[in-house]
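Dropping protein-v1.pdb in here (PDB, C-alpha atoms and all ligand atoms):
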ATOM      1  CA  MET C  29       1.000  31.056  12.295
ATOM      2  CA  THR C  30       1.775  27.494  11.234
ATOM      3  CA  ARG C  31       0.148  24.934  13.466
ATOM      4  CA  LYS C  32       2.617  22.824  15.449
ATOM      5  CA  VAL C  33       2.042  19.072  15.694
ATOM      6  CA  THR C  34       4.211  16.688  17.720
ATOM      7  CA  VAL C  35       4.094  13.008  16.849
ATOM      8  CA  LEU C  36       5.452  10.406  19.263
ATOM      9  CA  GLY C  37       5.703   7.216  17.292
ATOM     10  CA  SER C  38       7.362   4.527  15.242
ATOM     11  CA  LEU C  39       9.763   4.600  12.323
ATOM     12  CA  ASN C  40       9.780   1.381  10.288
ATOM     13  CA  SER C  41      11.504   0.277   7.148
ATOM     14  CA  ASP C  42       8.653  -1.269   5.123
ATOM     15  CA  THR C  43       9.224  -4.250   2.840
ATOM     16  CA  ILE C  44       6.181  -4.657   0.625
ATOM     17  CA  LEU C  45       5.623  -8.177  -0.724
ATOM     18  CA  HIS C  46       3.201  -8.133  -3.658
ATOM     19  CA  ILE C  47       1.185 -11.363  -3.700
ATOM     20  CA  ASP C  48      -2.016 -12.606  -5.290
ATOM     21  CA  HIS C  49      -3.521 -13.852  -2.019
ATOM     22  CA  LEU C  50      -2.305 -14.849   1.457
ATOM     23  CA  PRO C  51      -0.463 -18.213   1.475
ATOM     24  CA  VAL C  52      -1.844 -21.048   3.615
ATOM     25  CA  GLN C  53       0.327 -22.616   6.330
ATOM     26  CA  GLY C  54       3.255 -24.521   4.802
ATOM     27  CA  GLU C  55       2.713 -23.155   1.283
ATOM     28  CA  THR C  56       5.552 -21.813  -0.883
ATOM     29  CA  MET C  57       4.286 -19.082  -3.154
ATOM     30  CA  ALA C  58       5.754 -16.776  -5.817
ATOM     31  CA  MET C  59       5.506 -12.990  -5.361
ATOM     32  CA  SER C  60       4.889 -10.688  -8.311
ATOM     33  CA  ASP C  61       7.120  -7.954  -6.865
ATOM     34  CA  ALA C  62       8.899  -6.772  -3.696
ATOM     35  CA  SER C  63       9.759  -3.194  -2.829
ATOM     36  CA  THR C  64      10.871  -1.104   0.153
ATOM     37  CA  ALA C  65       9.661   2.280   1.421
ATOM     38  CA  PRO C  66       9.827   4.370   4.597
ATOM     39  CA  GLY C  67       6.943   3.641   6.970
ATOM     40  CA  GLY C  68       5.830   3.150  10.578
ATOM     41  CA  LYS C  69       2.516   4.513  11.850
ATOM     42  CA  GLY C  70       4.170   7.414  13.650
ATOM     43  CA  ALA C  71       6.316   8.424  10.679
ATOM     44  CA  ASN C  72       3.410   8.091   8.240
ATOM     45  CA  GLN C  73       1.166  10.271  10.411
ATOM     46  CA  ALA C  74       3.968  12.814  10.786
ATOM     47  CA  VAL C  75       4.576  12.939   7.032
ATOM     48  CA  ALA C  76       0.841  13.326   6.386
ATOM     49  CA  ALA C  77       0.503  16.216   8.851
ATOM     50  CA  GLN C  78       3.639  17.893   7.471
ATOM     51  CA  ARG C  79       2.623  17.510   3.788
ATOM     52  CA  LEU C  80      -0.839  18.800   4.599
ATOM     53  CA  GLY C  81       0.398  22.092   5.997
ATOM     54  CA  THR C  82       1.700  21.936   9.590
ATOM     55  CA  GLN C  83       5.160  21.937  11.196
ATOM     56  CA  VAL C  84       5.706  18.481  12.674
ATOM     57  CA  HIS C  85       8.181  17.549  15.414
ATOM     58  CA  PHE C  86       8.911  13.849  15.786
ATOM     59  CA  ILE C  87       9.796  11.941  18.965
ATOM     60  CA  GLY C  88      11.101   8.468  18.172
ATOM     61  CA  ALA C  89      14.118   6.193  17.787
ATOM     62  CA  VAL C  90      16.047   4.332  15.102
ATOM     63  CA  GLY C  91      19.109   2.076  15.234
ATOM     64  CA  GLN C  92      22.572   3.179  14.120
ATOM     65  CA  ASP C  93      22.152   1.398  10.792
ATOM     66  CA  GLN C  94      21.492   2.129   7.126
ATOM     67  CA  ASN C  95      17.708   1.828   7.451
ATOM     68  CA  GLY C  96      17.758   4.276  10.353
ATOM     69  CA  GLU C  97      19.649   6.819   8.222
ATOM     70  CA  LEU C  98      17.221   6.336   5.332
ATOM     71  CA  LEU C  99      14.173   6.834   7.558
ATOM     72  CA  LEU C 100      15.604   9.902   9.255
ATOM     73  CA  ASN C 101      16.495  11.424   5.891
ATOM     74  CA  ALA C 102      13.002  10.702   4.557
ATOM     75  CA  LEU C 103      11.461  12.626   7.464
ATOM     76  CA  LYS C 104      13.920  15.498   7.029
ATOM     77  CA  GLU C 105      13.248  15.691   3.272
ATOM     78  CA  ASP C 106       9.598  16.244   4.086
ATOM     79  CA  GLY C 107      10.552  19.014   6.500
ATOM     80  CA  VAL C 108       9.760  17.140   9.744
ATOM     81  CA  ASP C 109      11.898  18.263  12.710
ATOM     82  CA  THR C 110      13.894  15.217  13.898
ATOM     83  CA  THR C 111      15.737  16.819  16.841
ATOM     84  CA  HIS C 112      14.087  14.307  19.197
ATOM     85  CA  VAL C 113      14.725  11.153  17.177
ATOM     86  CA  ALA C 114      17.330   9.096  19.072
ATOM     87  CA  GLN C 115      19.877   7.001  17.152
ATOM     88  CA  LEU C 116      20.402   4.037  19.459
ATOM     89  CA  ALA C 117      23.355   1.642  19.580
ATOM     90  CA  ASN C 118      22.863  -2.154  19.919
ATOM     91  CA  VAL C 119      19.345  -2.256  18.493
ATOM     92  CA  GLY C 120      18.097  -2.359  14.918
ATOM     93  CA  THR C 121      15.731   0.073  13.240
ATOM     94  CA  GLY C 122      12.083  -1.035  13.288
ATOM     95  CA  ALA C 123      10.886  -3.072  10.310
ATOM     96  CA  ALA C 124       7.529  -4.031   8.820
ATOM     97  CA  TYR C 125       6.760  -6.732   6.263
ATOM     98  CA  ILE C 126       3.587  -5.938   4.346
ATOM     99  CA  LEU C 127       1.809  -8.735   2.508
ATOM    100  CA  LEU C 128      -0.054  -6.779  -0.182
ATOM    101  CA  GLU C 129      -2.720  -8.814  -1.966
ATOM    102  CA  SER C 130      -3.882  -8.084  -5.517
ATOM    103  CA  ASP C 131      -7.279  -6.942  -4.173
ATOM    104  CA  SER C 132      -5.363  -4.145  -2.293
ATOM    105  CA  HIS C 133      -5.819  -5.649   1.208
ATOM    106  CA  ASN C 134      -2.761  -5.842   3.418
ATOM    107  CA  THR C 135      -1.497  -7.985   6.295
ATOM    108  CA  ILE C 136       1.455  -6.653   8.263
ATOM    109  CA  LEU C 137       4.204  -8.228  10.421
ATOM    110  CA  ILE C 138       6.217  -5.872  12.634
ATOM    111  CA  LEU C 139       9.677  -6.081  14.208
ATOM    112  CA  GLY C 140       9.632  -3.280  16.804
ATOM    113  CA  GLY C 141      13.415  -2.797  17.235
ATOM    114  CA  ALA C 142      14.426   0.721  18.299
ATOM    115  CA  ASN C 143      10.762   1.823  18.486
ATOM    116  CA  GLN C 144      10.365  -0.361  21.566
ATOM    117  CA  CYS C 145      13.263   1.398  23.341
ATOM    118  CA  ILE C 146      11.674   4.853  23.550
ATOM    119  CA  SER C 147      11.563   5.737  27.226
ATOM    120  CA  GLU C 148       9.995   8.321  29.520
ATOM    121  CA  THR C 149      13.415  10.000  29.551
ATOM    122  CA  ASN C 150      13.311  10.468  25.760
ATOM    123  CA  VAL C 151       9.872  12.038  26.210
ATOM    124  CA  ASP C 152      11.038  14.301  29.054
ATOM    125  CA  GLU C 153      13.857  15.559  26.823
ATOM    126  CA  ALA C 154      11.159  16.751  24.395
ATOM    127  CA  LYS C 155       9.056  18.422  27.108
ATOM    128  CA  GLU C 156       9.331  21.944  25.679
ATOM    129  CA  THR C 157       8.465  20.750  22.195
ATOM    130  CA  ILE C 158       5.386  18.882  23.441
ATOM    131  CA  GLN C 159       4.161  21.710  25.611
ATOM    132  CA  SER C 160       4.547  24.340  22.894
ATOM    133  CA  SER C 161       2.563  22.235  20.376
ATOM    134  CA  ASP C 162      -1.058  22.594  19.323
ATOM    135  CA  VAL C 163      -1.544  18.829  19.088
ATOM    136  CA  LEU C 164       0.221  15.671  20.283
ATOM    137  CA  VAL C 165      -0.388  12.427  18.379
ATOM    138  CA  ALA C 166       0.685   8.910  19.446
ATOM    139  CA  GLN C 167      -0.004   5.273  18.531
ATOM    140  CA  PHE C 168       0.806   1.875  20.062
ATOM    141  CA  GLU C 169       3.903   0.920  18.045
ATOM    142  CA  THR C 170       5.963   2.563  20.811
ATOM    143  CA  PRO C 171       5.891   1.804  24.581
ATOM    144  CA  VAL C 172       2.728   2.831  26.433
ATOM    145  CA  VAL C 173       4.737   4.248  29.374
ATOM    146  CA  ALA C 174       6.328   6.771  27.035
ATOM    147  CA  THR C 175       2.936   7.717  25.577
ATOM    148  CA  LEU C 176       1.482   8.157  29.047
ATOM    149  CA  GLN C 177       4.327  10.464  30.027
ATOM    150  CA  ALA C 178       3.923  12.489  26.826
ATOM    151  CA  PHE C 179       0.152  12.817  27.323
ATOM    152  CA  LYS C 180       0.693  13.978  30.946
ATOM    153  CA  LEU C 181       3.097  16.683  29.751
ATOM    154  CA  ALA C 182       0.726  17.682  26.946
ATOM    155  CA  LYS C 183      -2.397  17.938  29.079
ATOM    156  CA  SER C 184      -0.634  19.847  31.853
ATOM    157  CA  ALA C 185       0.029  22.517  29.197
ATOM    158  CA  GLY C 186      -3.449  22.342  27.615
ATOM    159  CA  VAL C 187      -2.232  20.626  24.412
ATOM    160  CA  MET C 188      -4.824  18.564  22.483
ATOM    161  CA  THR C 189      -4.068  14.807  22.492
ATOM    162  CA  ILE C 190      -4.931  12.300  19.768
ATOM    163  CA  LEU C 191      -4.449   8.591  20.522
ATOM    164  CA  ASN C 192      -4.462   6.228  17.554
ATOM    165  CA  PRO C 193      -4.731   2.882  19.419
ATOM    166  CA  ALA C 194      -2.987   0.836  16.731
ATOM    167  CA  PRO C 195      -2.053  -1.969  16.827
ATOM    168  CA  GLY C 196      -5.028  -2.717  19.083
ATOM    169  CA  ARG C 197      -4.475  -3.471  22.782
ATOM    170  CA  LYS C 198      -6.913  -5.166  25.126
ATOM    171  CA  THR C 199      -5.717  -3.129  28.068
ATOM    172  CA  ILE C 200      -5.134   0.594  27.917
ATOM    173  CA  PRO C 201      -4.234   2.351  31.200
ATOM    174  CA  LYS C 202      -7.254   4.279  32.511
ATOM    175  CA  GLU C 203      -5.023   7.279  33.114
ATOM    176  CA  LEU C 204      -4.036   7.346  29.442
ATOM    177  CA  MET C 205      -7.666   7.136  28.309
ATOM    178  CA  GLU C 206      -8.554  10.005  30.626
ATOM    179  CA  LEU C 207      -5.774  12.133  29.115
ATOM    180  CA  THR C 208      -7.062  11.437  25.588
ATOM    181  CA  ASP C 209      -9.067  14.154  23.836
ATOM    182  CA  LEU C 210      -9.660  12.049  20.725
ATOM    183  CA  ILE C 211      -9.246   8.301  20.236
ATOM    184  CA  THR C 212      -9.165   7.035  16.636
ATOM    185  CA  PRO C 213      -9.335   3.222  16.303
ATOM    186  CA  ASN C 214     -10.311   1.401  13.129
ATOM    187  CA  GLU C 215     -13.132  -1.118  13.508
ATOM    188  CA  THR C 216     -10.798  -4.007  14.468
ATOM    189  CA  GLU C 217      -9.020  -1.938  17.118
ATOM    190  CA  ALA C 218     -12.366  -0.691  18.449
ATOM    191  CA  GLU C 219     -13.404  -4.319  18.949
ATOM    192  CA  ILE C 220     -10.117  -5.238  20.666
ATOM    193  CA  ILE C 221     -10.455  -2.292  23.069
ATOM    194  CA  THR C 222     -14.160  -2.661  23.876
ATOM    195  CA  GLY C 223     -14.909  -6.339  23.191
ATOM    196  CA  ILE C 224     -17.782  -5.158  20.944
ATOM    197  CA  PRO C 225     -17.613  -6.366  17.312
ATOM    198  CA  VAL C 226     -18.161  -3.238  15.213
ATOM    199  CA  ASN C 227     -20.327  -4.268  12.268
ATOM    200  CA  ASP C 228     -23.395  -1.996  12.214
ATOM    201  CA  ASP C 229     -24.669   1.398  13.379
ATOM    202  CA  LEU C 230     -25.667   0.216  16.836
ATOM    203  CA  SER C 231     -22.328  -1.475  17.526
ATOM    204  CA  MET C 232     -20.457   1.665  16.402
ATOM    205  CA  ILE C 233     -22.415   3.676  18.947
ATOM    206  CA  ASN C 234     -22.008   1.058  21.689
ATOM    207  CA  ALA C 235     -18.252   0.757  21.120
ATOM    208  CA  SER C 236     -17.886   4.554  21.118
ATOM    209  CA  ASN C 237     -19.939   4.820  24.331
ATOM    210  CA  LYS C 238     -17.673   2.232  25.936
ATOM    211  CA  MET C 239     -14.494   4.120  24.942
ATOM    212  CA  GLN C 240     -16.020   7.307  26.365
ATOM    213  CA  GLU C 241     -16.870   5.453  29.595
ATOM    214  CA  MET C 242     -13.220   4.339  29.675
ATOM    215  CA  GLY C 243     -12.234   8.027  29.693
ATOM    216  CA  ALA C 244     -11.679   9.166  26.090
ATOM    217  CA  LYS C 245     -13.573  12.385  25.418
ATOM    218  CA  ASN C 246     -14.192  12.081  21.680
ATOM    219  CA  VAL C 247     -14.141   9.059  19.378
ATOM    220  CA  ILE C 248     -13.656   8.496  15.655
ATOM    221  CA  ILE C 249     -13.897   4.916  14.357
ATOM    222  CA  THR C 250     -12.585   4.461  10.815
ATOM    223  CA  LEU C 251     -14.185   1.736   8.717
ATOM    224  CA  GLY C 252     -11.960   1.517   5.617
ATOM    225  CA  GLU C 253     -13.780   1.926   2.297
ATOM    226  CA  ARG C 254     -17.054   2.505   4.147
ATOM    227  CA  GLY C 255     -15.940   5.732   5.849
ATOM    228  CA  ALA C 256     -15.658   7.033   9.404
ATOM    229  CA  TYR C 257     -17.989   7.489  12.384
ATOM    230  CA  TYR C 258     -17.491  10.229  14.952
ATOM    231  CA  GLN C 259     -19.048  10.669  18.372
ATOM    232  CA  LEU C 260     -18.153  13.706  20.439
ATOM    233  CA  ALA C 261     -18.232  14.502  24.156
ATOM    234  CA  ASN C 262     -21.142  16.913  23.502
ATOM    235  CA  GLY C 263     -23.235  14.102  21.989
ATOM    236  CA  GLN C 264     -22.766  15.177  18.352
ATOM    237  CA  ARG C 265     -22.351  12.126  16.110
ATOM    238  CA  ASP C 266     -22.470  11.262  12.429
ATOM    239  CA  PHE C 267     -21.066   9.002   9.747
ATOM    240  CA  GLU C 268     -18.898  10.355   6.913
ATOM    241  CA  PRO C 269     -18.890   7.964   3.923
ATOM    242  CA  ALA C 270     -15.518   7.353   2.195
ATOM    243  CA  LEU C 271     -14.992   8.732  -1.305
ATOM    244  CA  LYS C 272     -15.548   6.186  -4.087
ATOM    245  CA  VAL C 273     -12.131   5.633  -5.650
ATOM    246  CA  LYS C 274     -10.174   2.719  -7.122
ATOM    247  CA  ALA C 275      -7.908   1.506  -4.312
ATOM    248  CA  VAL C 276      -4.452   0.199  -5.286
ATOM    249  CA  ASP C 277      -2.907  -0.149  -1.809
ATOM    250  CA  THR C 278      -4.698   0.828   1.416
ATOM    251  CA  THR C 279      -1.462   0.966   3.484
ATOM    252  CA  ALA C 280      -1.339   4.259   5.415
ATOM    253  CA  ALA C 281      -4.975   5.181   4.717
ATOM    254  CA  GLY C 282      -5.595   5.363   8.458
ATOM    255  CA  ASP C 283      -2.296   7.171   9.062
ATOM    256  CA  THR C 284      -3.124   9.798   6.449
ATOM    257  CA  PHE C 285      -6.576  10.215   7.990
ATOM    258  CA  ILE C 286      -5.076  10.887  11.439
ATOM    259  CA  GLY C 287      -2.277  13.143  10.165
ATOM    260  CA  ALA C 288      -4.860  15.151   8.230
ATOM    261  CA  LEU C 289      -7.121  15.451  11.277
ATOM    262  CA  ALA C 290      -4.183  16.733  13.327
ATOM    263  CA  THR C 291      -3.685  19.581  10.854
ATOM    264  CA  LYS C 292      -7.251  20.846  11.150
ATOM    265  CA  LEU C 293      -9.228  19.754  14.210
ATOM    266  CA  THR C 294      -9.581  22.388  16.937
ATOM    267  CA  PRO C 295      -9.725  21.392  20.648
ATOM    268  CA  ASP C 296     -13.390  22.454  20.868
ATOM    269  CA  MET C 297     -14.169  20.024  17.982
ATOM    270  CA  LYS C 298     -16.386  22.667  16.383
ATOM    271  CA  ASN C 299     -14.862  22.002  12.951
ATOM    272  CA  ILE C 300     -15.320  18.221  13.181
ATOM    273  CA  VAL C 301     -17.369  17.974   9.966
ATOM    274  CA  GLU C 302     -14.874  19.792   7.731
ATOM    275  CA  SER C 303     -11.926  18.051   9.474
ATOM    276  CA  VAL C 304     -13.332  14.564   8.886
ATOM    277  CA  ARG C 305     -14.151  15.441   5.247
ATOM    278  CA  PHE C 306     -10.628  16.746   4.720
ATOM    279  CA  ALA C 307      -9.172  13.579   6.302
ATOM    280  CA  SER C 308     -11.404  11.366   4.104
ATOM    281  CA  ALA C 309     -10.326  13.229   0.962
ATOM    282  CA  ALA C 310      -6.631  12.925   1.904
ATOM    283  CA  SER C 311      -6.844   9.195   2.675
ATOM    284  CA  ALA C 312      -8.824   8.522  -0.508
ATOM    285  CA  LEU C 313      -5.781   9.874  -2.383
ATOM    286  CA  THR C 314      -3.418   7.684  -0.356
ATOM    287  CA  VAL C 315      -5.243   4.451  -1.260
ATOM    288  CA  GLN C 316      -4.863   5.268  -4.965
ATOM    289  CA  GLY C 317      -1.044   5.011  -4.783
ATOM    290  CA  ALA C 318       1.341   2.192  -3.788
ATOM    291  CA  GLY C 319       3.402   2.183  -0.573
ATOM    292  CA  ALA C 320       2.940   4.062   2.691
ATOM    293  CA  GLN C 321       4.742   7.409   2.582
ATOM    294  CA  PRO C 322       5.080   7.646  -1.232
ATOM    295  CA  SER C 323       1.285   7.792  -1.607
ATOM    296  CA  ILE C 324       0.525  10.385   1.113
ATOM    297  CA  PRO C 325      -0.713  13.565  -0.623
ATOM    298  CA  THR C 326       0.510  17.141  -0.247
ATOM    299  CA  LEU C 327      -1.820  20.120   0.153
ATOM    300  CA  GLU C 328      -1.087  21.037  -3.499
ATOM    301  CA  LYS C 329      -2.188  17.570  -4.627
ATOM    302  CA  MET C 330      -5.390  17.937  -2.599
ATOM    303  CA  LYS C 331      -6.114  21.279  -4.291
ATOM    304  CA  GLU C 332      -5.436  19.809  -7.778
ATOM    305  CA  VAL C 333      -7.942  17.036  -7.189
ATOM    306  CA  ARG C 334     -10.596  19.411  -5.853
ATOM    307  CA  HIS C 335     -10.475  21.671  -8.948
TER     308      HIS C 335
HETATM  309  P1  LIG Q 401      -4.243   1.304   7.539
HETATM  310  O1  LIG Q 401      -3.909   0.466   8.735
HETATM  311  O2  LIG Q 401      -4.274   0.552   6.243
HETATM  312  O3  LIG Q 401      -3.465   2.579   7.450
HETATM  313  P2  LIG Q 401      -6.714   1.754   8.948
HETATM  314  O4  LIG Q 401      -7.331   0.413   9.088
HETATM  315  O5  LIG Q 401      -6.080   2.368  10.133
HETATM  316  O6  LIG Q 401      -5.754   1.797   7.698
HETATM  317  P3  LIG Q 401      -9.060   2.525   7.535
HETATM  318  O7  LIG Q 401     -10.254   2.463   8.393
HETATM  319  O8  LIG Q 401      -8.822   1.399   6.585
HETATM  320  O9  LIG Q 401      -7.812   2.800   8.447
HETATM  321  O10 LIG Q 401      -9.092   3.857   6.644
HETATM  322  C1  LIG Q 401      -9.098   5.158   7.190
HETATM  323  C2  LIG Q 401      -9.901   6.068   6.291
HETATM  324  O11 LIG Q 401      -9.328   6.064   4.973
HETATM  325  C3  LIG Q 401     -11.356   5.633   6.093
HETATM  326  O12 LIG Q 401     -12.188   6.124   7.121
HETATM  327  C4  LIG Q 401     -11.665   6.240   4.732
HETATM  328  O13 LIG Q 401     -12.029   7.604   4.846
HETATM  329  C5  LIG Q 401     -10.322   6.143   3.992
HETATM  330  N1  LIG Q 401     -10.266   4.915   3.160
HETATM  331  C6  LIG Q 401      -9.795   3.706   3.518
HETATM  332  N2  LIG Q 401      -9.934   2.810   2.514
HETATM  333  C7  LIG Q 401     -10.512   3.475   1.502
HETATM  334  C8  LIG Q 401     -10.927   3.120   0.163
HETATM  335  N3  LIG Q 401     -10.773   1.876  -0.307
HETATM  336  N4  LIG Q 401     -11.484   4.087  -0.604
HETATM  337  C9  LIG Q 401     -11.637   5.359  -0.158
HETATM  338  N5  LIG Q 401     -11.279   5.757   1.074
HETATM  339  C10 LIG Q 401     -10.715   4.843   1.898
END
As a first step, turn the structure in this file into structure tokens.
Ligand code: ATP
Amino acid sequence: MTRKVTVLGSLNSDTILHIDHLPVQGETMAMSDASTAPGGKGANQAVAAQRLGTQVHFIGAVGQDQNGELLLNALKEDGVDTTHVAQLANVGTGAAYILLESDSHNTILILGGANQCISETNVDEAKETIQSSDVLVAQFETPVVATLQAFKLAKSAGVMTILNPAPGRKTIPKELMELTDLITPNETEAEIITGIPVNDDLSMINASNKMQEMGAKNVIITLGERGAYYQLANGQRDFEPALKVKAVDTTAAGDTFIGALATKLTPDMKNIVESVRFASAASALTVQGAGAQPSIPTLEKMKEVRH
């Protein structure tokens, strides 16, 4: 049976500004190109999980505008169920402005818009969908109260919960941490959450210990082109190096990694090694293409590359 993944998260219209390097304050600088693509951490993770072989149900919100229509259609074209995406009046669809440097690094500015209006009521309306899922995934581009409500519903039905704490927040409700089966920050977010700069093996372990003390059962810290570190509730831990590829645009690397994990990882975490390897392989493909959703691979693409 196809695995069912529910993603509670953001839908953003991405504007990608191609620049040589970041401007300094007050500078006027020419861009080499500008393009738009569907994005938002939630939508990217949903698209990744759907393209990699699960049935995804999305809980989110857009405005009643052209961008909202485009984003909804993009999800539908990928086969994501959008029954629980609200189309709200009097608020615009979320937007992100991505400053993409020629060395493939990105800096992102977000206008939350409709994403910030998702309420506990929207989540309650999706109760049956959440509770009949195998996995629930959420991030921090949507209100924490809604995530908390969704995680309560999920855990009361034994559904596995994955929290991608991005963008980073200094304060995460203890109750939410305790309802989290797997937390997946990148190194910057891990530092924001724990106060521990993550720059070597010891700090990875210390930051993971701290997140486990805060209530999260299992931890994966992603470290960009270096790879990913996992530390489980049962004490198992290891580092999975990233694949060596030529990165063009790292946008959505983390989102692909999380979407891919959601398609594979079992609640007992017994398949952690193969799940993390699968997620690394999928995100290594994403960084080789431009844009967020356009570069997220399908299962067929993964098979092509493996042969
Ligand atoms: P983003 O916000 O850009 O989506 P992130 O910061 O959340 O990304 P990263 O830690 O940058 O997430 O990347 C997630 C995973 O993607 C890494 O653990 C690694 O497996 C893979 N990855 C990222 N960058 C590269 C790269 N340059 N080459 C190969 N794999 C990469």
Apply the PyMOL selection byres (((chain C and resi 312) around 10) and not hetatm) to the structure shown and report the selected residues as a VMD selection string.
chain C and resid 252 to 253 255 270 to 275 278 281 284 to 285 306 to 311 313 to 317 324 to 325
Selected residues written out with C-alpha atoms, as a compact mmCIF listing (two decimals), keeping the file's coordinate frame:
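result_27.txt was written with the following content:
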# COMPACT_ATOMS: atom_id res chain seq x y z
CA GLY C 252 -11.96 1.52 5.62
CA GLU C 253 -13.78 1.93 2.30
CA GLY C 255 -15.94 5.73 5.85
CA ALA C 270 -15.52 7.35 2.19
CA LEU C 271 -14.99 8.73 -1.30
CA LYS C 272 -15.55 6.19 -4.09
CA VAL C 273 -12.13 5.63 -5.65
CA LYS C 274 -10.17 2.72 -7.12
CA ALA C 275 -7.91 1.51 -4.31
CA THR C 278 -4.70 0.83 1.42
CA ALA C 281 -4.97 5.18 4.72
CA THR C 284 -3.12 9.80 6.45
CA PHE C 285 -6.58 10.22 7.99
CA PHE C 306 -10.63 16.75 4.72
CA ALA C 307 -9.17 13.58 6.30
CA SER C 308 -11.40 11.37 4.10
CA ALA C 309 -10.33 13.23 0.96
CA ALA C 310 -6.63 12.92 1.90
CA SER C 311 -6.84 9.20 2.68
CA LEU C 313 -5.78 9.87 -2.38
CA THR C 314 -3.42 7.68 -0.36
CA VAL C 315 -5.24 4.45 -1.26
CA GLN C 316 -4.86 5.27 -4.96
CA GLY C 317 -1.04 5.01 -4.78
CA ILE C 324 0.52 10.38 1.11
CA PRO C 325 -0.71 13.56 -0.62
Within 7 Å of C:Phe267, counting all atoms listed in the file, which residues show up once you throw out same-chain ones fewer than 2 positions away? Write them as a PDB file with C-alpha atoms, keeping the file's coordinate frame, please.
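For reference, result-v7.pdb as written:
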ATOM      1  CA  ALA C 256     -15.658   7.033   9.404  1.00  0.00           C
ATOM      2  CA  TYR C 257     -17.989   7.489  12.384  1.00  0.00           C
ATOM      3  CA  TYR C 258     -17.491  10.229  14.952  1.00  0.00           C
ATOM      4  CA  PRO C 269     -18.890   7.964   3.923  1.00  0.00           C
TER       5      PRO C 269
END
Between C:Pro225, C:Gly91, C:Pro322, C:Gly282, which residue has the minimum interatomic distance to ligand LIG 401 (chain Q), considering all atoms listed in the file?
C:Gly282
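Considering the residues C:Leu137, C:Leu164, C:Leu176, C:Val187 and counting all atoms listed in the file, C:Thr34 has its shortest atom-to-atom contact with C:Leu164.
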What's the 10 Å shell around C:Met57, counting only C-alpha atoms, without same-chain residues fewer than 4 positions away, as a VMD selection string?
chain C and resid 47 to 52
For the file shown, what are the residues hit by the PyMOL selection byres (((chain C and resi 84) around 12) and not hetatm), laid out as a JSON list (two decimals) with C-alpha atoms, in the coordinates of the input?
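Output (part-v4.json):
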[["chain", "number", "residue", "atom", "x", "y", "z"],
["C", 30, "THR", "CA", 1.78, 27.49, 11.23],
["C", 31, "ARG", "CA", 0.15, 24.93, 13.47],
["C", 32, "LYS", "CA", 2.62, 22.82, 15.45],
["C", 33, "VAL", "CA", 2.04, 19.07, 15.69],
["C", 34, "THR", "CA", 4.21, 16.69, 17.72],
["C", 35, "VAL", "CA", 4.09, 13.01, 16.85],
["C", 36, "LEU", "CA", 5.45, 10.41, 19.26],
["C", 70, "GLY", "CA", 4.17, 7.41, 13.65],
["C", 71, "ALA", "CA", 6.32, 8.42, 10.68],
["C", 72, "ASN", "CA", 3.41, 8.09, 8.24],
["C", 73, "GLN", "CA", 1.17, 10.27, 10.41],
["C", 74, "ALA", "CA", 3.97, 12.81, 10.79],
["C", 75, "VAL", "CA", 4.58, 12.94, 7.03],
["C", 76, "ALA", "CA", 0.84, 13.33, 6.39],
["C", 77, "ALA", "CA", 0.50, 16.22, 8.85],
["C", 78, "GLN", "CA", 3.64, 17.89, 7.47],
["C", 79, "ARG", "CA", 2.62, 17.51, 3.79],
["C", 80, "LEU", "CA", -0.84, 18.80, 4.60],
["C", 81, "GLY", "CA", 0.40, 22.09, 6.00],
["C", 82, "THR", "CA", 1.70, 21.94, 9.59],
["C", 83, "GLN", "CA", 5.16, 21.94, 11.20],
["C", 85, "HIS", "CA", 8.18, 17.55, 15.41],
["C", 86, "PHE", "CA", 8.91, 13.85, 15.79],
["C", 87, "ILE", "CA", 9.80, 11.94, 18.96],
["C", 103, "LEU", "CA", 11.46, 12.63, 7.46],
["C", 104, "LYS", "CA", 13.92, 15.50, 7.03],
["C", 106, "ASP", "CA", 9.60, 16.24, 4.09],
["C", 107, "GLY", "CA", 10.55, 19.01, 6.50],
["C", 108, "VAL", "CA", 9.76, 17.14, 9.74],
["C", 109, "ASP", "CA", 11.90, 18.26, 12.71],
["C", 110, "THR", "CA", 13.89, 15.22, 13.90],
["C", 111, "THR", "CA", 15.74, 16.82, 16.84],
["C", 112, "HIS", "CA", 14.09, 14.31, 19.20],
["C", 157, "THR", "CA", 8.46, 20.75, 22.20],
["C", 158, "ILE", "CA", 5.39, 18.88, 23.44],
["C", 160, "SER", "CA", 4.55, 24.34, 22.89],
["C", 161, "SER", "CA", 2.56, 22.24, 20.38],
["C", 162, "ASP", "CA", -1.06, 22.59, 19.32],
["C", 163, "VAL", "CA", -1.54, 18.83, 19.09],
["C", 164, "LEU", "CA", 0.22, 15.67, 20.28],
["C", 165, "VAL", "CA", -0.39, 12.43, 18.38],
["C", 287, "GLY", "CA", -2.28, 13.14, 10.16],
["C", 288, "ALA", "CA", -4.86, 15.15, 8.23],
["C", 290, "ALA", "CA", -4.18, 16.73, 13.33],
["C", 291, "THR", "CA", -3.68, 19.58, 10.85]]
The PyMOL selection byres (((chain C and resi 320) around 7) and not hetatm) - which residues does that actually catch in the file I just gave you? List them as a VMD selection string.
chain C and resid 67 72 279 to 280 318 to 319 321 to 324
Written selection (C-alpha atoms) as an mmCIF file, in the frame of the given file:
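Generated file (selection-v9.cif):
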data_model
loop_
_atom_site.group_PDB
_atom_site.id
_atom_site.type_symbol
_atom_site.label_atom_id
_atom_site.label_comp_id
_atom_site.auth_asym_id
_atom_site.auth_seq_id
_atom_site.Cartn_x
_atom_site.Cartn_y
_atom_site.Cartn_z
ATOM 1 C CA GLY C 67 6.943 3.641 6.970
ATOM 2 C CA ASN C 72 3.410 8.091 8.240
ATOM 3 C CA THR C 279 -1.462 0.966 3.484
ATOM 4 C CA ALA C 280 -1.339 4.259 5.415
ATOM 5 C CA ALA C 318 1.341 2.192 -3.788
ATOM 6 C CA GLY C 319 3.402 2.183 -0.573
ATOM 7 C CA GLN C 321 4.742 7.409 2.582
ATOM 8 C CA PRO C 322 5.080 7.646 -1.232
ATOM 9 C CA SER C 323 1.285 7.792 -1.607
ATOM 10 C CA ILE C 324 0.525 10.385 1.113
#
